[in-house]
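Engineer: Just dropping this structure here.
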Amino acid sequence: MDAAWALLFVAFAAASPYKTDAEFELLGALALVQISEPRIPLLATPPGALLAIGVKLLLAYLLVGVSGGVTSSYYLLLLVPVVSAVTLLGTWGTAVLSVMACALYLSFLLWIDWNRYVLPRDQVQELGIRVLSFGGIALMMHQLAQTTRSQARLYREMTEKLGAANKSLADAEAAVRRSERLAALGQLTAGLAHELRNPLGTMKASAEVLLKSLPADEGVPRELAGYIRDEVDRTNSLVTRFLDFARPMELRRDNSDLNQIIDRAITQLERHHPPFSITVHRNYSPDARPAPLDSQLMERVFYNLLLNAAQASSEGGPVTVKTRVVPGGVEAAVIDRGSGIEGSQRENIFNPFFTTKPGGTGLGLAIVSKIIDQHGGRIAVESEPGQGSVFRVVLPAAA
């Protein structure tokens, strides 16, 4: 484009019938502004673009002035700034600049000594055609710019839709991979859990019999037997969680108020885990209508999310639970200002047996994700290390 512009102005100078120094200087200045305009960041801003349009309009006016005024062959160069304004100023701006270009061109009539010259009728008609040409060319350029903007807007919308479709496809592929892993791990877990239940029961019964049969003064054996019993209980609880994860869920849906479900989960957290002294802020939407949910399972979902938020937060840290109506359903968000989740970990937190907590099983969020999937909803997480996390649960509304 730079070469094309330079060649065009060189051709103007070569074809000029005037051959004056002022003409060549103004042609060079106009070419320099036109070529350098895209390279100067200041001229890319709206004020800078207006400045460039004004400079080009002035140079074109002076060029017409030094090459014969109203009779100049360069009169169409007054349209160069008008064309530049089409993409910036819109309909009214283009119209105003076109009128200004016409007025500047006709202003050369003021410099004619009408006592010595007479404008023939055919020259009046020529002037009229030239002035109308300004408006016609400006109108065509404006129409072309509108078409280009419409196409650009259409392409932008298509790009956004394709981006959304690609994201949905990637999410679907991730969900399929997670489902395949869950299915395989579920089968393995179910078989292993059933095999472990019987020896665990025997070990616990033996430890309790041993505790009852040992004298009260046998401190060390009684302490060891107590350890066995407690660890068996912990292992049995883990096996129970494995089975909960592995077995198919039967939802018992009823029209449940999501806000009330979250309230019960908060109460349960405060009752069972008093060491987590966090401040829970409730921001419920009054427009959230009852939805077809299994209230017990959904209470478990929000209990786990609140427990994770409490464990990630500092002592007395705020945790916000927010509900709102979204198209097709209702959204509940659990927001904390805790330690956050690393980017490399966010992709795996809903996978079973993935955990960053010492002694954790990695099943809490996997079970949460499974319950939400069974309800036809979805869960997503937004997190920045050191800034906190937001877990968003979207559930379908009642038909």
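Lettering and numbering for the structure tokens are positional, with chains as A, B, ... in the shown order, residues counted from 1 in each chain, and ligands counted from 1 in the shown order.
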Show me, as a list in words, the residues that have an atom within 9 Å of A:Tyr18 when counting only C-alpha atoms, minus same-chain residues fewer than 5 positions from it.
Structural biologist: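 Counting only the stated atoms, we get Ala13, Glu23, Ser67 and Gly68 of chain A.
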Engineer: Could you dump the residues just selected with C-alpha atoms as a short mmCIF file (atom, residue, chain, number, x, y, z; two decimals), in the first residue's frame?
Structural biologist:
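The resulting again_19.cif:
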```
data_model
loop_
_atom_site.label_atom_id
_atom_site.label_comp_id
_atom_site.auth_asym_id
_atom_site.auth_seq_id
_atom_site.Cartn_x
_atom_site.Cartn_y
_atom_site.Cartn_z
CA ALA A 13 3.49 15.06 -10.31
CA GLU A 23 2.60 21.99 -6.18
CA SER A 67 -2.79 24.90 -9.16
CA GLY A 68 -5.53 27.12 -10.50
#
```
Engineer: I want to know what sits within 10 Å of A:Leu32, based on only C-alpha atoms, with residues of the same chain fewer than 5 positions away left out; could you give that as a PyMOL selection string?
Structural biologist: chain A and resi 2+5-6+9+26-27+37
Engineer: Write out, as a compact mmCIF listing (two decimals), in the first residue's frame, the residues just selected, with C-alpha atoms.
Structural biologist:
```
# COMPACT_ATOMS: atom_id res chain seq x y z
CA ASP A 2 2.85 2.39 0.77
CA TRP A 5 0.39 5.56 -2.57
CA ALA A 6 3.91 6.74 -3.41
CA PHE A 9 1.53 10.80 -6.07
CA LEU A 26 2.22 19.98 -1.31
CA LEU A 27 1.92 16.68 -3.21
CA GLU A 37 -0.76 7.94 9.24
```
Engineer: Between atom CA of A:Ala170 and atom CA of A:Glu157, what is the distance in Å, rounded to a tenth?
Structural biologist: 19.8 Å
Engineer: Could you pull the residues within 10 Å of stretch 141-149 of chain A, counting only C-alpha atoms, minus those fewer than 5 positions along the same chain, as a ChimeraX atom specification?
Structural biologist: /A:82-88,90-91,94-95,135-136,154-155
Engineer: What would the file look like if the residues just selected were written as a PDB file, in the first residue's frame with N, CA and C atoms?
Structural biologist:
```pdb
ATOM      1  N   VAL A  82     -12.312  13.163   3.099  1.00  0.00           N
ATOM      2  CA  VAL A  82     -13.697  12.704   3.236  1.00  0.00           C
ATOM      3  C   VAL A  82     -13.742  11.180   3.291  1.00  0.00           C
ATOM      4  N   VAL A  83     -12.963  10.535   2.433  1.00  0.00           N
ATOM      5  CA  VAL A  83     -12.912   9.060   2.436  1.00  0.00           C
ATOM      6  C   VAL A  83     -12.355   8.554   3.770  1.00  0.00           C
ATOM      7  N   SER A  84     -11.342   9.239   4.308  1.00  0.00           N
ATOM      8  CA  SER A  84     -10.800   8.836   5.609  1.00  0.00           C
ATOM      9  C   SER A  84     -11.836   8.980   6.709  1.00  0.00           C
ATOM     10  N   ALA A  85     -12.711   9.984   6.580  1.00  0.00           N
ATOM     11  CA  ALA A  85     -13.710  10.233   7.616  1.00  0.00           C
ATOM     12  C   ALA A  85     -14.855   9.243   7.593  1.00  0.00           C
ATOM     13  N   VAL A  86     -15.032   8.537   6.469  1.00  0.00           N
ATOM     14  CA  VAL A  86     -16.168   7.615   6.345  1.00  0.00           C
ATOM     15  C   VAL A  86     -16.127   6.549   7.422  1.00  0.00           C
ATOM     16  N   THR A  87     -14.940   6.009   7.687  1.00  0.00           N
ATOM     17  CA  THR A  87     -14.816   4.918   8.665  1.00  0.00           C
ATOM     18  C   THR A  87     -14.764   5.420  10.098  1.00  0.00           C
ATOM     19  N   LEU A  88     -14.635   6.724  10.302  1.00  0.00           N
ATOM     20  CA  LEU A  88     -14.469   7.247  11.659  1.00  0.00           C
ATOM     21  C   LEU A  88     -15.671   8.031  12.152  1.00  0.00           C
ATOM     22  N   GLY A  90     -18.897   8.348  10.831  1.00  0.00           N
ATOM     23  CA  GLY A  90     -20.275   7.907  10.648  1.00  0.00           C
ATOM     24  C   GLY A  90     -21.014   8.758   9.625  1.00  0.00           C
ATOM     25  N   THR A  91     -22.341   8.640   9.603  1.00  0.00           N
ATOM     26  CA  THR A  91     -23.166   9.276   8.581  1.00  0.00           C
ATOM     27  C   THR A  91     -23.108  10.794   8.659  1.00  0.00           C
ATOM     28  N   THR A  94     -19.580  12.295   8.024  1.00  0.00           N
ATOM     29  CA  THR A  94     -19.230  12.266   6.599  1.00  0.00           C
ATOM     30  C   THR A  94     -19.983  13.351   5.835  1.00  0.00           C
ATOM     31  N   ALA A  95     -21.260  13.531   6.168  1.00  0.00           N
ATOM     32  CA  ALA A  95     -22.048  14.564   5.483  1.00  0.00           C
ATOM     33  C   ALA A  95     -21.480  15.951   5.751  1.00  0.00           C
ATOM     34  N   GLY A 135     -20.595  14.930  -3.354  1.00  0.00           N
ATOM     35  CA  GLY A 135     -21.634  14.255  -2.580  1.00  0.00           C
ATOM     36  C   GLY A 135     -21.855  12.822  -3.011  1.00  0.00           C
ATOM     37  N   GLY A 136     -21.847  12.582  -4.342  1.00  0.00           N
ATOM     38  CA  GLY A 136     -22.076  11.212  -4.828  1.00  0.00           C
ATOM     39  C   GLY A 136     -20.988  10.252  -4.404  1.00  0.00           C
ATOM     40  N   LEU A 154     -20.640  -9.236  11.464  1.00  0.00           N
ATOM     41  CA  LEU A 154     -21.098 -10.611  11.253  1.00  0.00           C
ATOM     42  C   LEU A 154     -19.967 -11.596  11.491  1.00  0.00           C
ATOM     43  N   TYR A 155     -18.768 -11.291  10.968  1.00  0.00           N
ATOM     44  CA  TYR A 155     -17.625 -12.179  11.178  1.00  0.00           C
ATOM     45  C   TYR A 155     -17.252 -12.257  12.653  1.00  0.00           C
TER      46      TYR A 155
END
```
Engineer: Mind listing the helix (DSSP H, G or I) residues of stretch 189-307 of chain A, per DSSP on the backbone, as a VMD selection string?
Structural biologist: chain A and resid 189 to 213 219 to 246 258 to 272 295 to 307
Engineer: Using the selection just defined, write its residues with C-alpha atoms as a short mmCIF file (atom, residue, chain, number, x, y, z; two decimals), in the first residue's frame.
Structural biologist:
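Done, and the output landed in part27.cif:
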```
data_model
loop_
_atom_site.label_atom_id
_atom_site.label_comp_id
_atom_site.auth_asym_id
_atom_site.auth_seq_id
_atom_site.Cartn_x
_atom_site.Cartn_y
_atom_site.Cartn_z
CA THR A 189 -13.90 -49.18 44.01
CA ALA A 190 -17.15 -51.09 44.42
CA GLY A 191 -15.44 -54.47 44.23
CA LEU A 192 -12.60 -53.46 46.53
CA ALA A 193 -14.93 -51.85 49.09
CA HIS A 194 -17.11 -54.93 49.38
CA GLU A 195 -14.05 -57.10 49.91
CA LEU A 196 -12.76 -54.78 52.65
CA ARG A 197 -16.01 -54.50 54.59
CA ASN A 198 -15.91 -58.03 56.10
CA PRO A 199 -12.31 -57.96 57.49
CA LEU A 200 -12.89 -54.44 58.81
CA GLY A 201 -15.94 -55.60 60.72
CA THR A 202 -13.98 -58.51 62.19
CA MET A 203 -11.12 -56.20 63.21
CA LYS A 204 -13.43 -53.75 64.93
CA ALA A 205 -15.33 -56.47 66.80
CA SER A 206 -12.04 -58.01 67.94
CA ALA A 207 -10.73 -54.62 69.14
CA GLU A 208 -13.94 -53.98 71.13
CA VAL A 209 -13.83 -57.46 72.71
CA LEU A 210 -10.19 -56.88 73.59
CA LEU A 211 -11.02 -53.53 75.22
CA LYS A 212 -13.73 -55.15 77.35
CA SER A 213 -11.53 -58.06 78.42
CA GLY A 219 -2.96 -48.80 79.87
CA VAL A 220 -0.80 -49.51 76.84
CA PRO A 221 -2.78 -52.54 75.51
CA ARG A 222 -6.06 -50.66 75.98
CA GLU A 223 -4.63 -47.61 74.18
CA LEU A 224 -3.44 -49.78 71.26
CA ALA A 225 -6.81 -51.52 71.05
CA GLY A 226 -8.48 -48.10 70.99
CA TYR A 227 -6.22 -47.04 68.11
CA ILE A 228 -7.24 -50.17 66.18
CA ARG A 229 -10.94 -49.45 66.74
CA ASP A 230 -10.63 -45.77 65.73
CA GLU A 231 -8.58 -46.49 62.60
CA VAL A 232 -11.05 -49.20 61.59
CA ASP A 233 -13.87 -46.65 61.95
CA ARG A 234 -11.94 -44.18 59.81
CA THR A 235 -11.22 -46.82 57.17
CA ASN A 236 -14.84 -47.96 57.22
CA SER A 237 -15.94 -44.36 56.69
CA LEU A 238 -13.59 -44.14 53.72
CA VAL A 239 -15.01 -47.37 52.28
CA THR A 240 -18.52 -45.96 52.72
CA ARG A 241 -17.52 -42.88 50.74
CA PHE A 242 -16.06 -45.12 48.03
CA LEU A 243 -19.36 -46.96 47.79
CA ASP A 244 -21.33 -43.71 47.71
CA PHE A 245 -19.19 -42.63 44.80
CA ALA A 246 -19.34 -45.94 42.95
CA LEU A 258 -32.31 -23.88 47.07
CA ASN A 259 -31.83 -21.07 49.60
CA GLN A 260 -33.20 -23.27 52.40
CA ILE A 261 -30.96 -26.16 51.31
CA ILE A 262 -27.90 -23.91 51.57
CA ASP A 263 -29.02 -22.66 54.99
CA ARG A 264 -29.19 -26.25 56.25
CA ALA A 265 -25.71 -26.95 54.85
CA ILE A 266 -24.33 -23.89 56.66
CA THR A 267 -25.97 -24.98 59.91
CA GLN A 268 -24.54 -28.49 59.52
CA LEU A 269 -21.05 -27.09 58.92
CA GLU A 270 -21.23 -24.86 62.00
CA ARG A 271 -22.47 -27.77 64.13
CA HIS A 272 -19.99 -30.43 62.97
CA SER A 295 -32.67 -31.90 48.88
CA GLN A 296 -30.50 -34.32 50.90
CA LEU A 297 -27.97 -34.81 48.11
CA MET A 298 -27.87 -31.09 47.28
CA GLU A 299 -27.35 -30.31 50.97
CA ARG A 300 -24.37 -32.62 50.81
CA VAL A 301 -23.08 -30.75 47.75
CA PHE A 302 -23.11 -27.37 49.45
CA TYR A 303 -21.82 -28.82 52.72
CA ASN A 304 -18.73 -30.08 50.86
CA LEU A 305 -18.25 -26.80 48.98
CA LEU A 306 -18.59 -24.79 52.21
CA LEU A 307 -16.23 -27.14 54.03
#
```
Engineer: Name all residues at most 12 Å from A:Pro327 (count only C-alpha atoms; drop same-chain ones fewer than 6 positions away) and give them as a ChimeraX atom specification.
Structural biologist: /A:288,394-397
Engineer: Write the residues you've just listed into a file as a PDB file, in the first residue's frame, and include C-alpha atoms for each of them.
Structural biologist:
```
ATOM      1  CA  ALA A 288     -35.158 -18.077  42.898  1.00  0.00           C
ATOM      2  CA  VAL A 394     -26.001 -24.128  37.883  1.00  0.00           C
ATOM      3  CA  LEU A 395     -29.138 -26.236  38.293  1.00  0.00           C
ATOM      4  CA  PRO A 396     -32.107 -26.475  35.911  1.00  0.00           C
ATOM      5  CA  ALA A 397     -35.327 -24.835  37.017  1.00  0.00           C
TER       6      ALA A 397
END
```
Engineer: Looking at only C-alpha atoms, which of A:Ala309, A:Leu127, A:Ala31, A:Val325 is the one that sits closest to A:Asp287?
Structural biologist: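 The answer is A:Val325, which sits nearest to A:Asp287.
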Engineer: Skip A:Ser98 itself and residues of its chain fewer than 5 positions away, then list as a PyMOL selection string all residues within 9 Å of it, counting only C-alpha atoms.
Structural biologist: chain A and resi 79+82+93+103+134-135+138
Engineer: How many Å lie between atom CA of A:Pro47 and atom CA of A:Tyr61, rounded to one decimal?
Structural biologist: 21.1 Å
Engineer: DSSP on the backbone, strand (DSSP E or B) only: what residues of stretch 271-350 of chain A does that give? Format it as a VMD selection string.
Structural biologist: chain A and resid 279 to 283 291 to 293 318 to 326 329 to 336
Engineer: Could you work out how far atom CA of A:Ser72 lies from atom CA of A:Trp111, giving the answer in Å with one decimal?
Structural biologist: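 Atom CA of A:Ser72 lies at a distance of 13.6 Å from atom CA of A:Trp111.
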Engineer: Near stretch 375-382 of chain A, counting only C-alpha atoms, which residues have an atom at most 12 Å away, once you skip same-chain residues fewer than 5 positions from it, shown as a PyMOL selection string?
Structural biologist: chain A and resi 171-172+175+249-254+291-295+297-298+301-302+305+328-337+340-343+345-350+365-370+387-398
Engineer: Only C-alpha atoms, please: the residues just picked out, written as a JSON list (two decimals), in the first residue's frame.
Structural biologist:
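Saved the output as out-v3.json:
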```json
[["chain", "number", "residue", "atom", "x", "y", "z"],
["A", 171, "ASP", "CA", -15.94, -29.15, 27.98],
["A", 172, "ALA", "CA", -17.94, -32.05, 26.55],
["A", 175, "ALA", "CA", -16.75, -34.51, 30.69],
["A", 249, "MET", "CA", -27.61, -42.61, 42.61],
["A", 250, "GLU", "CA", -31.37, -42.67, 42.85],
["A", 251, "LEU", "CA", -32.62, -39.12, 43.04],
["A", 252, "ARG", "CA", -35.67, -38.37, 45.16],
["A", 253, "ARG", "CA", -36.73, -35.11, 43.63],
["A", 254, "ASP", "CA", -39.18, -32.67, 45.05],
["A", 291, "ALA", "CA", -36.54, -26.51, 41.65],
["A", 292, "PRO", "CA", -36.82, -30.31, 41.22],
["A", 293, "LEU", "CA", -33.94, -31.35, 43.48],
["A", 294, "ASP", "CA", -32.97, -34.14, 45.82],
["A", 295, "SER", "CA", -32.67, -31.90, 48.88],
["A", 297, "LEU", "CA", -27.97, -34.81, 48.11],
["A", 298, "MET", "CA", -27.87, -31.09, 47.28],
["A", 301, "VAL", "CA", -23.08, -30.75, 47.75],
["A", 302, "PHE", "CA", -23.11, -27.37, 49.45],
["A", 305, "LEU", "CA", -18.25, -26.80, 48.98],
["A", 328, "GLY", "CA", -33.04, -21.88, 32.24],
["A", 329, "GLY", "CA", -32.25, -22.33, 35.90],
["A", 330, "VAL", "CA", -30.70, -21.01, 39.07],
["A", 331, "GLU", "CA", -27.05, -20.49, 39.99],
["A", 332, "ALA", "CA", -25.45, -20.78, 43.42],
["A", 333, "ALA", "CA", -21.91, -19.55, 43.98],
["A", 334, "VAL", "CA", -19.66, -20.29, 46.97],
["A", 335, "ILE", "CA", -16.99, -17.58, 47.14],
["A", 336, "ASP", "CA", -13.98, -17.51, 49.44],
["A", 337, "ARG", "CA", -10.91, -15.31, 49.76],
["A", 340, "GLY", "CA", -6.92, -20.34, 45.78],
["A", 341, "ILE", "CA", -6.14, -23.21, 43.39],
["A", 342, "GLU", "CA", -3.16, -23.48, 41.06],
["A", 343, "GLY", "CA", -3.98, -23.46, 37.36],
["A", 345, "GLN", "CA", -4.73, -28.33, 39.58],
["A", 346, "ARG", "CA", -8.05, -26.79, 38.50],
["A", 347, "GLU", "CA", -8.43, -29.27, 35.65],
["A", 348, "ASN", "CA", -8.19, -32.26, 38.00],
["A", 349, "ILE", "CA", -10.03, -31.20, 41.16],
["A", 350, "PHE", "CA", -13.25, -32.98, 40.12],
["A", 365, "LEU", "CA", -15.54, -32.82, 44.81],
["A", 366, "ALA", "CA", -15.85, -35.95, 42.66],
["A", 367, "ILE", "CA", -19.06, -36.87, 44.53],
["A", 368, "VAL", "CA", -20.24, -33.24, 44.31],
["A", 369, "SER", "CA", -19.71, -33.28, 40.53],
["A", 370, "LYS", "CA", -21.54, -36.60, 40.23],
["A", 387, "GLN", "CA", -6.94, -14.52, 45.76],
["A", 388, "GLY", "CA", -9.56, -17.17, 46.54],
["A", 389, "SER", "CA", -11.97, -19.35, 44.60],
["A", 390, "VAL", "CA", -15.50, -19.24, 43.23],
["A", 391, "PHE", "CA", -17.43, -22.49, 42.76],
["A", 392, "ARG", "CA", -20.51, -21.95, 40.57],
["A", 393, "VAL", "CA", -23.31, -24.53, 40.55],
["A", 394, "VAL", "CA", -26.00, -24.13, 37.88],
["A", 395, "LEU", "CA", -29.14, -26.24, 38.29],
["A", 396, "PRO", "CA", -32.11, -26.47, 35.91],
["A", 397, "ALA", "CA", -35.33, -24.83, 37.02],
["A", 398, "ALA", "CA", -38.69, -26.51, 37.27]]
```
